[in-house]
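See structure below.
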Amino acid sequence: MSVRTQSSERSGENAHRAGFACFVGRPNAGKSTLTNALVGQKVAITADQPQTTRHTVRGIVHREDAQLILVDTPGLHKPRTLLGERLNDVVRTTWAEVDVIGFCLPANEKIGPGDRFIAKELAGIKKTPKVAIVTKTDLVDSKTLAEQLIAIDQLGKELGFEWAEIVPVSATAGKQVGLLADLIVPLLPEGPALYPEGDLTDEPEQVMIAELIREAALEGVRDELPHSIAVVVEEMLPREDRPADRPLLDIHANVYIERPSQKGIIIGPKGKRLKDVGIKSRKQIEALLGTPVFLDLHVKVAKDWQRDPKQLRKLGF
């Protein structure tokens, strides 16, 4: 079993490489946090509760020797709704199209049925190199980490495949994140950069803005409305009659929930919660776009949207 730590040897090849890697794992295994740490800027939304990533957000890591494009898939899980089934289809399609698959397993949780379910699926993908990434190493001692590394090595053997690498990382503490990129790069095909220098994601701005609003809206209501919130940015327009040195972007967005009874939860007493959502997400959006923003939010009901194909389409799934 080759577990990599910082002092391990580097590959000495000089050819430029470019390709796609995706992180898979149970919901809340640290995939989005890892994407953000590698790219060095917030591109995927992160939350303390499973199932927050719904779109394939690509983070782009630019290096002298390579360009690594990270595709962030929703967590694979046993689906209970039409939305769940669609999310699983997105995951499988993505796996078939990438150059490297990184399987995220948290250091602080024993391998469970969910991990085995994913590992079994991975075993069926023969040609793509698979890297086991042990996340959240800052939460455990070295003995627990060692046991987890052995268990992960064993899991591959049981299912009849060999991990290309096993890499322990902590995205929040910034430990071994650079090393992970160093180890993924040699597994990519040789070729020129696929995106212009400076691009960090090819996700349309409107989708990223909607995700930032949704992340802010989820804060504090996760337990009550974990999956009931969807956000659609209806329009983004520069405010007319503004001097060139003081631009303002008007963003109109709708926050959709499934039932009228949820409206009060999102809006909060005297509209306070919705106001907080606006303030928090506006700061993030301004940081993302680099321009002052006027954010206009409205809460609307889209009845049982997770189970209704027509509503799912309208909300971008």
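Letters for chains follow the order of the structure tokens (A, B, ...), residue numbers begin at 1 for each chain, and ligand numbers begin at 1 in the order shown.
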Wanna dump the range 174-246 of chain A-range 17-20 of chain A contacts at 12 Å for me, each residue with its shortest atom pair and the distance in Å to one decimal, counting only C-alpha atoms, ordered by chain and number, as a tab-separated table?
```
residue	atom	partner	partner_atom	distance
A:Ala181	CA	A:Phe20	CA	11.9
A:Asp182	CA	A:Arg17	CA	11.6
A:Ile184	CA	A:Gly19	CA	9.8
A:Val185	CA	A:Arg17	CA	6.9
A:Pro186	CA	A:Arg17	CA	7.6
A:Leu187	CA	A:Arg17	CA	8.8
A:Leu188	CA	A:Gly19	CA	5.4
A:Pro189	CA	A:Arg17	CA	5.6
A:Glu190	CA	A:Arg17	CA	4.1
A:Gly191	CA	A:Arg17	CA	5.0
A:Pro192	CA	A:Ala18	CA	6.3
A:Ala193	CA	A:Ala18	CA	5.7
A:Leu194	CA	A:Ala18	CA	6.8
A:Tyr195	CA	A:Ala18	CA	9.5
```
For the selection you just gave me, I'd like the residues written to a file as a PDB file, in the first residue's frame, keeping C-alpha atoms.
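See selection27.pdb below for the written result:
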```
ATOM      1  CA  ALA A 181      -2.687  18.056  -6.727  1.00  0.00           C
ATOM      2  CA  ASP A 182       0.934  16.900  -7.312  1.00  0.00           C
ATOM      3  CA  ILE A 184      -3.292  13.752  -9.461  1.00  0.00           C
ATOM      4  CA  VAL A 185      -1.433  15.693 -12.189  1.00  0.00           C
ATOM      5  CA  PRO A 186       0.702  12.737 -13.472  1.00  0.00           C
ATOM      6  CA  LEU A 187      -2.527  10.749 -13.925  1.00  0.00           C
ATOM      7  CA  LEU A 188      -3.904  13.360 -16.385  1.00  0.00           C
ATOM      8  CA  PRO A 189      -3.395  13.126 -20.157  1.00  0.00           C
ATOM      9  CA  GLU A 190      -0.700  15.274 -21.764  1.00  0.00           C
ATOM     10  CA  GLY A 191      -2.031  18.343 -23.541  1.00  0.00           C
ATOM     11  CA  PRO A 192      -2.391  22.137 -23.546  1.00  0.00           C
ATOM     12  CA  ALA A 193      -4.563  24.075 -21.077  1.00  0.00           C
ATOM     13  CA  LEU A 194      -8.288  23.720 -21.756  1.00  0.00           C
ATOM     14  CA  TYR A 195      -9.359  26.997 -20.110  1.00  0.00           C
TER      15      TYR A 195
END
```
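Close contacts of Leu34 in chain A, defined as residues with an atom at most 10 Å away when counting only C-alpha atoms, with chain neighbours fewer than 6 positions off set aside, comprise Phe23, Gly40, Ala44, Thr46, Asp72, Cys104, Ile133, Thr135, Lys136, Val169, Ser170, Ala171, Thr172, Gly174 and Val177 of chain A.
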Written file, previous selection with N, CA, C and O atoms, as a PDB file, in the first residue's frame:
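Listed below is the output, part.pdb:
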```
ATOM      1  N   PHE A  23     -14.412  14.472  -7.524  1.00  0.00           N
ATOM      2  CA  PHE A  23     -14.410  13.947  -6.169  1.00  0.00           C
ATOM      3  C   PHE A  23     -15.764  13.311  -5.907  1.00  0.00           C
ATOM      4  O   PHE A  23     -16.792  13.922  -6.152  1.00  0.00           O
ATOM      5  N   GLY A  40      -8.401  27.484  -4.322  1.00  0.00           N
ATOM      6  CA  GLY A  40      -7.949  28.656  -3.586  1.00  0.00           C
ATOM      7  C   GLY A  40      -8.983  29.760  -3.547  1.00  0.00           C
ATOM      8  O   GLY A  40      -8.727  30.877  -3.152  1.00  0.00           O
ATOM      9  N   ALA A  44     -17.395  26.091  -4.908  1.00  0.00           N
ATOM     10  CA  ALA A  44     -18.485  25.143  -4.630  1.00  0.00           C
ATOM     11  C   ALA A  44     -19.071  25.528  -3.284  1.00  0.00           C
ATOM     12  O   ALA A  44     -18.342  25.954  -2.407  1.00  0.00           O
ATOM     13  N   THR A  46     -20.358  25.068   0.439  1.00  0.00           N
ATOM     14  CA  THR A  46     -20.084  24.071   1.475  1.00  0.00           C
ATOM     15  C   THR A  46     -21.095  24.269   2.589  1.00  0.00           C
ATOM     16  O   THR A  46     -21.454  25.386   2.917  1.00  0.00           O
ATOM     17  N   ASP A  72     -17.304  18.820  -9.509  1.00  0.00           N
ATOM     18  CA  ASP A  72     -17.867  18.488  -8.206  1.00  0.00           C
ATOM     19  C   ASP A  72     -19.242  17.872  -8.404  1.00  0.00           C
ATOM     20  O   ASP A  72     -20.148  18.518  -8.910  1.00  0.00           O
ATOM     21  N   CYS A 104     -13.541  10.464  -1.685  1.00  0.00           N
ATOM     22  CA  CYS A 104     -13.327  11.097  -0.376  1.00  0.00           C
ATOM     23  C   CYS A 104     -13.944  10.269   0.742  1.00  0.00           C
ATOM     24  O   CYS A 104     -15.139   9.982   0.723  1.00  0.00           O
ATOM     25  N   ILE A 133      -8.942   9.571  -1.077  1.00  0.00           N
ATOM     26  CA  ILE A 133      -8.565  10.790  -0.356  1.00  0.00           C
ATOM     27  C   ILE A 133      -9.181  10.726   1.042  1.00  0.00           C
ATOM     28  O   ILE A 133     -10.398  10.700   1.179  1.00  0.00           O
ATOM     29  N   THR A 135     -10.184  12.503   4.043  1.00  0.00           N
ATOM     30  CA  THR A 135     -10.412  13.906   4.401  1.00  0.00           C
ATOM     31  C   THR A 135     -10.539  14.085   5.916  1.00  0.00           C
ATOM     32  O   THR A 135     -10.647  13.109   6.648  1.00  0.00           O
ATOM     33  N   LYS A 136     -10.519  15.351   6.336  1.00  0.00           N
ATOM     34  CA  LYS A 136     -10.774  15.726   7.747  1.00  0.00           C
ATOM     35  C   LYS A 136      -9.760  15.091   8.699  1.00  0.00           C
ATOM     36  O   LYS A 136     -10.103  14.698   9.818  1.00  0.00           O
ATOM     37  N   VAL A 169      -5.568  14.089   3.753  1.00  0.00           N
ATOM     38  CA  VAL A 169      -5.534  15.561   3.651  1.00  0.00           C
ATOM     39  C   VAL A 169      -6.440  16.190   4.713  1.00  0.00           C
ATOM     40  O   VAL A 169      -7.355  15.552   5.219  1.00  0.00           O
ATOM     41  N   SER A 170      -6.163  17.462   5.012  1.00  0.00           N
ATOM     42  CA  SER A 170      -7.124  18.270   5.752  1.00  0.00           C
ATOM     43  C   SER A 170      -7.294  19.565   4.977  1.00  0.00           C
ATOM     44  O   SER A 170      -6.379  20.389   4.930  1.00  0.00           O
ATOM     45  N   ALA A 171      -8.467  19.722   4.335  1.00  0.00           N
ATOM     46  CA  ALA A 171      -8.702  20.925   3.529  1.00  0.00           C
ATOM     47  C   ALA A 171      -8.820  22.147   4.422  1.00  0.00           C
ATOM     48  O   ALA A 171      -8.343  23.230   4.072  1.00  0.00           O
ATOM     49  N   THR A 172      -9.439  21.996   5.610  1.00  0.00           N
ATOM     50  CA  THR A 172      -9.619  23.172   6.466  1.00  0.00           C
ATOM     51  C   THR A 172      -8.287  23.635   7.056  1.00  0.00           C
ATOM     52  O   THR A 172      -8.046  24.825   7.196  1.00  0.00           O
ATOM     53  N   GLY A 174      -5.455  23.018   5.537  1.00  0.00           N
ATOM     54  CA  GLY A 174      -4.536  23.198   4.403  1.00  0.00           C
ATOM     55  C   GLY A 174      -3.412  22.177   4.363  1.00  0.00           C
ATOM     56  O   GLY A 174      -2.357  22.402   3.784  1.00  0.00           O
ATOM     57  N   VAL A 177      -2.851  19.443   0.780  1.00  0.00           N
ATOM     58  CA  VAL A 177      -3.735  19.753  -0.349  1.00  0.00           C
ATOM     59  C   VAL A 177      -2.903  19.907  -1.623  1.00  0.00           C
ATOM     60  O   VAL A 177      -3.247  19.393  -2.683  1.00  0.00           O
TER      61      VAL A 177
END
```
As a list of chain:residue names, please: the residues near range 236-242 of chain A (cut-off 7 Å, only C-alpha atoms, same-chain neighbours under 5 positions excluded).
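Result of the neighbour search: A:Pro247, A:Leu248, A:Leu249, A:Asp250, A:Ile251, A:His252.
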Shell of 10 Å around range 105-118 of chain A, only C-alpha atoms, local chain residues under 4 positions omitted, as a ChimeraX atom specification
/A:24-31,75-78,122-123,132-141,144-149,151-152,155-156,159,168-170
Hey, can you spit out that residue selection with C-alpha atoms as a short mmCIF file (atom, residue, chain, number, x, y, z; two decimals), in the first residue's frame?
```
data_model
loop_
_atom_site.label_atom_id
_atom_site.label_comp_id
_atom_site.auth_asym_id
_atom_site.auth_seq_id
_atom_site.Cartn_x
_atom_site.Cartn_y
_atom_site.Cartn_z
CA VAL A 24 -16.99 11.40 -5.11
CA GLY A 25 -18.08 10.18 -1.73
CA ARG A 26 -20.99 10.04 0.61
CA PRO A 27 -22.81 13.32 1.15
CA ASN A 28 -20.82 15.52 3.55
CA ALA A 29 -17.50 13.70 3.02
CA GLY A 30 -15.70 17.01 2.45
CA LYS A 31 -15.76 17.14 -1.38
CA GLY A 75 -23.09 12.93 -3.18
CA LEU A 76 -24.19 9.51 -4.41
CA HIS A 77 -26.92 8.06 -2.21
CA LYS A 78 -29.88 5.69 -2.30
CA LEU A 122 -16.16 2.48 -8.73
CA ALA A 123 -14.91 -1.10 -9.08
CA ALA A 132 -8.52 7.45 -2.21
CA ILE A 133 -8.56 10.79 -0.36
CA VAL A 134 -8.81 10.58 3.41
CA THR A 135 -10.41 13.91 4.40
CA LYS A 136 -10.77 15.73 7.75
CA THR A 137 -7.48 14.34 9.11
CA ASP A 138 -7.32 17.29 11.53
CA LEU A 139 -10.16 15.66 13.49
CA VAL A 140 -8.34 12.42 14.42
CA ASP A 141 -5.13 11.18 16.08
CA THR A 144 -7.14 6.37 14.09
CA LEU A 145 -5.75 7.73 10.80
CA ALA A 146 -3.47 4.70 10.35
CA GLU A 147 -6.39 2.33 10.94
CA GLN A 148 -8.51 4.19 8.38
CA LEU A 149 -5.70 4.04 5.77
CA ALA A 151 -9.17 -0.18 6.00
CA ILE A 152 -9.32 1.82 2.75
CA LEU A 155 -11.58 -2.09 0.70
CA GLY A 156 -9.93 -1.80 -2.75
CA LEU A 159 -13.42 -5.30 -4.57
CA PRO A 168 -4.57 11.85 3.75
CA VAL A 169 -5.53 15.56 3.65
CA SER A 170 -7.12 18.27 5.75
#
```
Which one is closest to Arg282 in chain A: A:Arg86, A:Gly268, A:Ala210, A:Ala244? Count only C-alpha atoms.
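Ranking A:Arg86, A:Gly268, A:Ala210, A:Ala244 by distance to Arg282 in chain A, first place goes to A:Ala210.
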Could you write out, as a PyMOL selection string, all the residues of range 47-224 of chain A that DSSP marks as helix (DSSP H, G or I)?
chain A and resi 82-97+113-123+137-139+142-158+177-187+205-218
Which neighbours of Thr35 in chain A fall inside 7 Å, counting only C-alpha atoms, when residues of the same chain fewer than 3 positions from it are skipped, and could you give them as a VMD selection string?
chain A and resid 31 to 32 38 to 39 44 59 70
Residues as selected, all heavy atoms, written as an mmCIF file, in the first residue's frame, can you do that?
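Dumped everything to out_36.cif:
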```cif
data_model
loop_
_atom_site.group_PDB
_atom_site.id
_atom_site.type_symbol
_atom_site.label_atom_id
_atom_site.label_comp_id
_atom_site.auth_asym_id
_atom_site.auth_seq_id
_atom_site.Cartn_x
_atom_site.Cartn_y
_atom_site.Cartn_z
ATOM 1 N N LYS A 31 -16.132 16.964 0.036
ATOM 2 C CA LYS A 31 -15.759 17.144 -1.376
ATOM 3 C C LYS A 31 -15.688 18.622 -1.775
ATOM 4 O O LYS A 31 -14.731 19.055 -2.394
ATOM 5 C CB LYS A 31 -16.768 16.411 -2.277
ATOM 6 C CG LYS A 31 -16.869 14.926 -1.988
ATOM 7 C CD LYS A 31 -17.875 14.214 -2.883
ATOM 8 C CE LYS A 31 -19.308 14.631 -2.660
ATOM 9 N NZ LYS A 31 -19.871 14.157 -1.379
ATOM 10 N N SER A 32 -16.714 19.386 -1.405
ATOM 11 C CA SER A 32 -16.746 20.797 -1.805
ATOM 12 C C SER A 32 -15.652 21.600 -1.119
ATOM 13 O O SER A 32 -15.002 22.444 -1.732
ATOM 14 C CB SER A 32 -18.112 21.413 -1.492
ATOM 15 O OG SER A 32 -19.122 20.795 -2.253
ATOM 16 N N LEU A 38 -8.328 23.490 -3.077
ATOM 17 C CA LEU A 38 -7.428 23.298 -4.212
ATOM 18 C C LEU A 38 -7.434 24.496 -5.153
ATOM 19 O O LEU A 38 -6.402 24.924 -5.646
ATOM 20 C CB LEU A 38 -7.812 22.033 -4.994
ATOM 21 C CG LEU A 38 -7.262 20.721 -4.435
ATOM 22 C CD1 LEU A 38 -8.049 19.544 -4.971
ATOM 23 C CD2 LEU A 38 -5.785 20.552 -4.775
ATOM 24 N N VAL A 39 -8.627 25.036 -5.398
ATOM 25 C CA VAL A 39 -8.734 26.161 -6.329
ATOM 26 C C VAL A 39 -8.286 27.453 -5.650
ATOM 27 O O VAL A 39 -7.848 28.393 -6.304
ATOM 28 C CB VAL A 39 -10.191 26.296 -6.859
ATOM 29 C CG1 VAL A 39 -10.345 27.494 -7.760
ATOM 30 C CG2 VAL A 39 -10.577 25.037 -7.619
ATOM 31 N N ALA A 44 -17.395 26.091 -4.908
ATOM 32 C CA ALA A 44 -18.485 25.143 -4.630
ATOM 33 C C ALA A 44 -19.071 25.528 -3.284
ATOM 34 O O ALA A 44 -18.342 25.954 -2.407
ATOM 35 C CB ALA A 44 -17.934 23.716 -4.561
ATOM 36 N N GLY A 59 -14.115 23.539 -10.609
ATOM 37 C CA GLY A 59 -13.063 24.435 -10.137
ATOM 38 C C GLY A 59 -11.847 24.177 -11.007
ATOM 39 O O GLY A 59 -11.594 23.043 -11.397
ATOM 40 N N LEU A 70 -11.599 20.457 -11.815
ATOM 41 C CA LEU A 70 -12.307 19.658 -10.815
ATOM 42 C C LEU A 70 -13.803 19.716 -11.064
ATOM 43 O O LEU A 70 -14.378 20.789 -11.169
ATOM 44 C CB LEU A 70 -12.006 20.197 -9.423
ATOM 45 C CG LEU A 70 -10.524 20.178 -9.048
ATOM 46 C CD1 LEU A 70 -10.286 21.012 -7.815
ATOM 47 C CD2 LEU A 70 -10.048 18.747 -8.829
#
```
For Val232 in chain A: contacts at 8 Å, only C-alpha atoms, fewer than 3 positions along chain excluded, given as an MDAnalysis selection string
chainID A and resid 207 210 253:256 315
Please, could you write that set of residues out with all heavy atoms as a PDB file, in the first residue's frame?
```
ATOM      1  N   VAL A 207     -25.725  30.768 -11.950  1.00  0.00           N
ATOM      2  CA  VAL A 207     -25.856  29.541 -11.155  1.00  0.00           C
ATOM      3  C   VAL A 207     -25.060  29.681  -9.860  1.00  0.00           C
ATOM      4  O   VAL A 207     -25.523  29.320  -8.777  1.00  0.00           O
ATOM      5  CB  VAL A 207     -25.367  28.317 -11.959  1.00  0.00           C
ATOM      6  CG1 VAL A 207     -25.361  27.065 -11.099  1.00  0.00           C
ATOM      7  CG2 VAL A 207     -26.253  28.111 -13.175  1.00  0.00           C
ATOM      8  N   ALA A 210     -26.918  31.964  -7.511  1.00  0.00           N
ATOM      9  CA  ALA A 210     -28.063  31.251  -6.930  1.00  0.00           C
ATOM     10  C   ALA A 210     -27.585  30.323  -5.809  1.00  0.00           C
ATOM     11  O   ALA A 210     -28.212  30.227  -4.745  1.00  0.00           O
ATOM     12  CB  ALA A 210     -28.794  30.449  -8.011  1.00  0.00           C
ATOM     13  N   ALA A 253     -33.791  37.716  -7.595  1.00  0.00           N
ATOM     14  CA  ALA A 253     -33.778  36.255  -7.432  1.00  0.00           C
ATOM     15  C   ALA A 253     -34.990  35.799  -6.637  1.00  0.00           C
ATOM     16  O   ALA A 253     -35.479  36.505  -5.759  1.00  0.00           O
ATOM     17  CB  ALA A 253     -32.497  35.825  -6.718  1.00  0.00           C
ATOM     18  N   ASN A 254     -35.478  34.597  -6.971  1.00  0.00           N
ATOM     19  CA  ASN A 254     -36.585  33.990  -6.236  1.00  0.00           C
ATOM     20  C   ASN A 254     -36.074  32.800  -5.426  1.00  0.00           C
ATOM     21  O   ASN A 254     -35.334  31.961  -5.947  1.00  0.00           O
ATOM     22  CB  ASN A 254     -37.684  33.499  -7.187  1.00  0.00           C
ATOM     23  CG  ASN A 254     -38.413  34.660  -7.837  1.00  0.00           C
ATOM     24  OD1 ASN A 254     -38.523  35.737  -7.241  1.00  0.00           O
ATOM     25  ND2 ASN A 254     -38.897  34.469  -9.049  1.00  0.00           N
ATOM     26  N   VAL A 255     -36.469  32.762  -4.159  1.00  0.00           N
ATOM     27  CA  VAL A 255     -36.169  31.616  -3.301  1.00  0.00           C
ATOM     28  C   VAL A 255     -37.441  30.761  -3.282  1.00  0.00           C
ATOM     29  O   VAL A 255     -38.490  31.212  -2.839  1.00  0.00           O
ATOM     30  CB  VAL A 255     -35.820  32.081  -1.874  1.00  0.00           C
ATOM     31  CG1 VAL A 255     -35.553  30.882  -0.972  1.00  0.00           C
ATOM     32  CG2 VAL A 255     -34.623  33.023  -1.902  1.00  0.00           C
ATOM     33  N   TYR A 256     -37.335  29.530  -3.810  1.00  0.00           N
ATOM     34  CA  TYR A 256     -38.515  28.652  -3.877  1.00  0.00           C
ATOM     35  C   TYR A 256     -38.514  27.648  -2.738  1.00  0.00           C
ATOM     36  O   TYR A 256     -37.476  27.052  -2.424  1.00  0.00           O
ATOM     37  CB  TYR A 256     -38.524  27.884  -5.207  1.00  0.00           C
ATOM     38  CG  TYR A 256     -38.852  28.748  -6.388  1.00  0.00           C
ATOM     39  CD1 TYR A 256     -37.834  29.289  -7.171  1.00  0.00           C
ATOM     40  CD2 TYR A 256     -40.173  29.027  -6.727  1.00  0.00           C
ATOM     41  CE1 TYR A 256     -38.132  30.104  -8.267  1.00  0.00           C
ATOM     42  CE2 TYR A 256     -40.487  29.833  -7.816  1.00  0.00           C
ATOM     43  CZ  TYR A 256     -39.460  30.370  -8.582  1.00  0.00           C
ATOM     44  OH  TYR A 256     -39.762  31.176  -9.653  1.00  0.00           O
ATOM     45  N   LEU A 315     -36.692  24.735 -12.396  1.00  0.00           N
ATOM     46  CA  LEU A 315     -35.702  25.149 -11.411  1.00  0.00           C
ATOM     47  C   LEU A 315     -34.288  24.718 -11.796  1.00  0.00           C
ATOM     48  O   LEU A 315     -33.363  24.815 -11.012  1.00  0.00           O
ATOM     49  CB  LEU A 315     -36.080  24.591 -10.026  1.00  0.00           C
ATOM     50  CG  LEU A 315     -37.411  25.091  -9.462  1.00  0.00           C
ATOM     51  CD1 LEU A 315     -37.754  24.392  -8.181  1.00  0.00           C
ATOM     52  CD2 LEU A 315     -37.395  26.598  -9.240  1.00  0.00           C
TER      53      LEU A 315
END
```
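Atom pair CA of Leu218 in chain A / CA of Ile101 in chain A has a distance of 28.9 Å (rounded to one decimal).
The strand (DSSP E) portion of range 128-221 of chain A consists of Lys130, Val131, Ala132, Ile133, Val134, Thr135, Glu165, Ile166, Val167 and Pro168 of chain A, with states taken from DSSP on the backbone.
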Quick one: write out the picked residues with C-alpha atoms as a tab-separated table (two decimals), in the first residue's frame?
```
chain	number	residue	atom	x	y	z
A	130	LYS	CA	-8.97	5.98	-8.58
A	131	VAL	CA	-7.34	8.00	-5.79
A	132	ALA	CA	-8.52	7.45	-2.21
A	133	ILE	CA	-8.56	10.79	-0.36
A	134	VAL	CA	-8.81	10.58	3.41
A	135	THR	CA	-10.41	13.91	4.40
A	165	GLU	CA	-2.78	6.69	-4.55
A	166	ILE	CA	-4.03	6.93	-0.96
A	167	VAL	CA	-3.63	10.50	0.30
A	168	PRO	CA	-4.57	11.85	3.75
```
Would you please work out which residue, of A:Val98, A:Val3, A:Ala173, A:Ala217, is nearest to Lys272 in chain A when using only C-alpha atoms?
A:Ala217
Any idea what the distance is between CA of His227 in chain A and CA of Trp305 in chain A?
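Distance reported for this atom pair: 10.3 Å.
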Identify which of the residues A:Lys143, A:Gln67, A:Asp99, A:Pro260 lies closest to Ile125 in chain A, counting only C-alpha atoms when measuring atom-to-atom distances.
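For Ile125 in chain A, the nearest of the candidates is A:Asp99.
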Go through A:Arg307, A:Lys280, A:Ile150, A:Glu205 and flag the residue nearest Glu85 in chain A, using only C-alpha atoms for the distances.
A:Arg307
Could you state the separation of CA of Ile267 in chain A and CA of Val299 in chain A in Å, given to one decimal place?
7.6 Å
Taking 2 positions as the minimum chain separation for residues in the same chain, which residues sit within 12 Å of Glu224 in chain A when counting only C-alpha atoms? Answer as a list in words.
Gln49, Ala217, Leu218, Glu219, Gly220, Val221, Arg222, Pro226, His227, Ser228, Ile229, Ile257, Ser261, Gln262, Lys263, Gly264, Ile265 and Ile266 of chain A
Tell me which of A:Ala216, A:Leu68, A:Ile285, A:Val293 sits closest to Arg246 in chain A, counting only C-alpha atoms.
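Looking at the shortest contact to Arg246 in chain A, the residue is A:Val293.
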